[in-house]
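Report on one structure; see the data block that follows.
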Amino acid sequence: MSQTERTLVLGSAGQIGTDLVEELRRIYGSDNVIATDIKDQPADFKAKGPFYMADVLDAQQVYELIKKNNVKQVYLLAALLSAVAEQKPKAAWKLNMDGLFVMLDYCKENTGIKLFWPSSIAVFGPTTPRNLTPQQTIMEPSTVYGISKQAGERWCEYYNQKHHVDVRSIRYPGLISYKADPGGGTTDYAVNIFHDAVLKTLTTVF
Ligand SMILES: NC(=O)c1ccc[n+]([C@@H]2O[C@H](COP(=O)([O-])OP(=O)(O)OC[C@H]3O[C@@H](n4cnc5c(N)ncnc54)[C@H](O)[C@@H]3O)[C@@H](O)[C@H]2O)c1
């Protein structure tokens with residue numbers, strides 16, 4: 001990717017985006033990686049590189065950002081994760097599916113853009129073989145989040161095959177990290193115990 005071609009991260013303020021933006025900026029240079037989220041970010045983050053408030057469900061806003069900045073790679077991270085999706089099933093379905101269509105449709109009409117959209121092991125379900133789980137196997141997810149990821153995978157495949165959209169996806173397991181607050185996924189507990197340990201220890205010490 002040439003230096004004037006930029007990367008856009010949609011939903012950059014969450015668990016994956018926080019680390020991903022830092023690493024992409026290390027690789028491509030700070031000015032070439034545009035971070036966006038519906039949540040505003042602290043001034044020290046904004047000082048490190050471009051950040052815009054943007055809603056992935058607002059297609060025109062996203063498309064303008066892409067065109068104005070000569071974006072050639074998009075990481076679509078905005079989603080409602082497993083635990084939150086169970087509490088707000090319709091909102092989760094809307095964000096997880098419509099957000100994906102905003103980008104798939106753009107890439108269908110505008111060639112030369114690489115789209116990265118993370119899937120999840122939530123596509124599997126209770127009937128999936130537990131040991132050495134194959135890539136292609138029984139997938140009967142039992143959560144709203146899992147159903148949206150399974151449908152999303154099929155749509156990515158469809159847009160790739162029918163419209164040659166360059167979209168790539170990996171099924172991540174539950175990730176544990178320390179910089180961002182947990183976003184409502186299966187690993188929240190594991191992240192929270194470390195945050196709490198630090199906060200409560202500091203409170204006790206000071
Ligand atoms: N974290 C994991 O363990 C894990 C595992 C598998 C797959 N994934 C996938 O990776 C992606 C990112 O996950 P994460 O853990 O960083 O999630 P997260 O919840 O921590 O972050 C999501 C971000 O999206 C933003 N957002 C929500 N609605 C938005 C909207 N309408 N427009 C723009 N931004 C919006 C939120 O403010 C948040 O900052 C998701 O697609 C998720 O399904 C995550």
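Order determines the names: the first chain of the structure tokens is A, the second B, and so forth; residues in each chain are numbered 1 upward, and ligands are numbered 1 upward as they are shown.
Residues surrounding stretch 171-184 of chain A within 9 Å are Ala13, Gly14, Gln15, Ile16, Gly17, Thr18, Asp19, Leu80, Leu81, Ser82, Ala83, Val84, Ala85, Pro118, Ser119, Ser120, Ile121, Ala122, Val123, Asp188, Tyr189, Ala190, Val191, Asn192, Phe194 and His195 of chain A [only C-alpha atoms; sequence separation below 4 positions excluded].
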Practice task
Tell me, as a PyMOL selection string, which residues lie within 10 Å of A:Asp105, counting only C-alpha atoms; anything in the same chain fewer than 5 positions away does not count.
Solution key: chain A and resi 59+100+110+159+163+165
Handout entry: alpha helix (DSSP H) per DSSP on the backbone: members of chain A, as a VMD selection string
Key = chain A and resid 15 to 28 43 to 46 59 to 68 82 to 87 89 to 93 99 to 109 144 to 163 188 to 205
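Candidate residues A:Glu23, A:Asp166, A:Glu64, A:Asp58 were compared for distance to ligand 1, and the nearest is A:Asp58, using only C-alpha atoms and all ligand atoms.
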Practice task
Would you mind listing what lies within 12 Å of A:Met103 as number ranges by chain, with only C-alpha atoms counted and same-chain residues fewer than 4 positions away left out?
Solution key: A: 8-10, 56-63, 66, 73-78, 96-99, 107-111, 113-117, 152, 155-156, 159, 165-167
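Here the strand (DSSP E) residues in stretch 33-201 of chain A, by DSSP on the backbone, are Val33, Ile34, Ala35, Thr36, Asp37, Phe51, Tyr52, Met53, Val71, Lys72, Gln73, Val74, Tyr75, Leu76, Lys114, Leu115, Phe116, Ser119, Ser120, Asp166, Val167, Arg168, Arg171 and Tyr172 of chain A.
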Suppose we keep N, CA and C atoms; can you now write the selection as a CSV table (one decimal), in the first residue's frame?
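Result went into selection-v4.csv, see below:
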chain,number,residue,atom,x,y,z
A,33,VAL,N,-3.7,6.2,9.1
A,33,VAL,CA,-4.7,5.3,9.7
A,33,VAL,C,-5.7,6.2,10.4
A,34,ILE,N,-7.0,6.1,9.9
A,34,ILE,CA,-8.0,7.0,10.4
A,34,ILE,C,-8.9,6.1,11.4
A,35,ALA,N,-8.9,6.6,12.6
A,35,ALA,CA,-9.7,5.9,13.6
A,35,ALA,C,-11.1,6.6,13.7
A,36,THR,N,-12.2,5.8,13.8
A,36,THR,CA,-13.5,6.3,13.9
A,36,THR,C,-14.3,5.5,14.9
A,37,ASP,N,-15.3,6.2,15.6
A,37,ASP,CA,-16.1,5.4,16.5
A,37,ASP,C,-17.3,6.4,16.8
A,51,PHE,N,-8.8,11.2,14.1
A,51,PHE,CA,-9.9,10.5,14.7
A,51,PHE,C,-11.2,11.3,14.3
A,52,TYR,N,-12.2,10.5,13.9
A,52,TYR,CA,-13.5,11.2,13.6
A,52,TYR,C,-14.6,10.4,14.3
A,53,MET,N,-15.6,11.1,14.8
A,53,MET,CA,-16.8,10.4,15.2
A,53,MET,C,-17.6,10.0,14.0
A,71,VAL,N,-9.2,6.1,1.0
A,71,VAL,CA,-9.1,4.9,1.9
A,71,VAL,C,-9.0,3.6,1.0
A,72,LYS,N,-8.1,2.7,1.2
A,72,LYS,CA,-8.0,1.5,0.4
A,72,LYS,C,-8.1,0.2,1.3
A,73,GLN,N,-8.1,0.4,2.6
A,73,GLN,CA,-8.3,-0.7,3.5
A,73,GLN,C,-9.3,-0.3,4.6
A,74,VAL,N,-10.3,-1.1,4.9
A,74,VAL,CA,-11.3,-0.8,5.9
A,74,VAL,C,-11.3,-2.0,6.9
A,75,TYR,N,-11.2,-1.7,8.2
A,75,TYR,CA,-11.4,-2.7,9.2
A,75,TYR,C,-12.8,-2.3,9.9
A,76,LEU,N,-13.7,-3.2,9.7
A,76,LEU,CA,-15.1,-3.0,10.3
A,76,LEU,C,-15.2,-3.7,11.6
A,114,LYS,N,-9.8,-3.2,0.2
A,114,LYS,CA,-9.8,-4.5,1.0
A,114,LYS,C,-10.6,-4.3,2.3
A,115,LEU,N,-11.5,-5.2,2.5
A,115,LEU,CA,-12.4,-5.1,3.7
A,115,LEU,C,-12.1,-6.2,4.7
A,116,PHE,N,-11.8,-5.9,5.9
A,116,PHE,CA,-11.6,-6.9,7.0
A,116,PHE,C,-12.7,-6.8,8.0
A,119,SER,N,-15.0,-12.4,12.2
A,119,SER,CA,-16.0,-13.3,12.7
A,119,SER,C,-15.6,-13.8,14.0
A,120,SER,N,-16.3,-14.9,14.4
A,120,SER,CA,-16.1,-15.4,15.8
A,120,SER,C,-16.5,-16.8,15.9
A,166,ASP,N,-13.2,-7.8,-2.2
A,166,ASP,CA,-12.1,-8.4,-1.5
A,166,ASP,C,-12.3,-8.3,0.0
A,167,VAL,N,-13.0,-9.3,0.6
A,167,VAL,CA,-13.3,-9.2,2.0
A,167,VAL,C,-12.7,-10.4,2.7
A,168,ARG,N,-12.1,-10.2,3.8
A,168,ARG,CA,-11.4,-11.3,4.5
A,168,ARG,C,-11.9,-11.3,6.0
A,171,ARG,N,-12.2,-16.2,12.2
A,171,ARG,CA,-13.1,-16.5,13.4
A,171,ARG,C,-12.2,-16.4,14.6
A,172,TYR,N,-12.3,-15.3,15.4
A,172,TYR,CA,-11.5,-15.1,16.6
A,172,TYR,C,-12.2,-15.9,17.7
Fill in the blank from the handout: Restricting to only C-alpha atoms, whichever of A:Ala54, A:Ala47, A:Ala151, A:Ile38 is closest to A:Trp93 is A:Ala151
Handout entry: atom CA of A:Ile147 to atom CA of A:Lys39, distance in Å rounded to a single decimal
Key = 25.8 Å
Exercise for the section: Skip A:Thr128 itself and residues of its chain fewer than 2 positions away, then list as a VMD selection string all residues within 10 Å of it, counting only C-alpha atoms. Expected result: chain A and resid 123 to 126 130 to 131 133 to 134 137 to 141
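The space separating atom 34 (N, counted along the ligand's line) of ligand 1 from atom CA of A:Ile27 comes to 23.0 Å.
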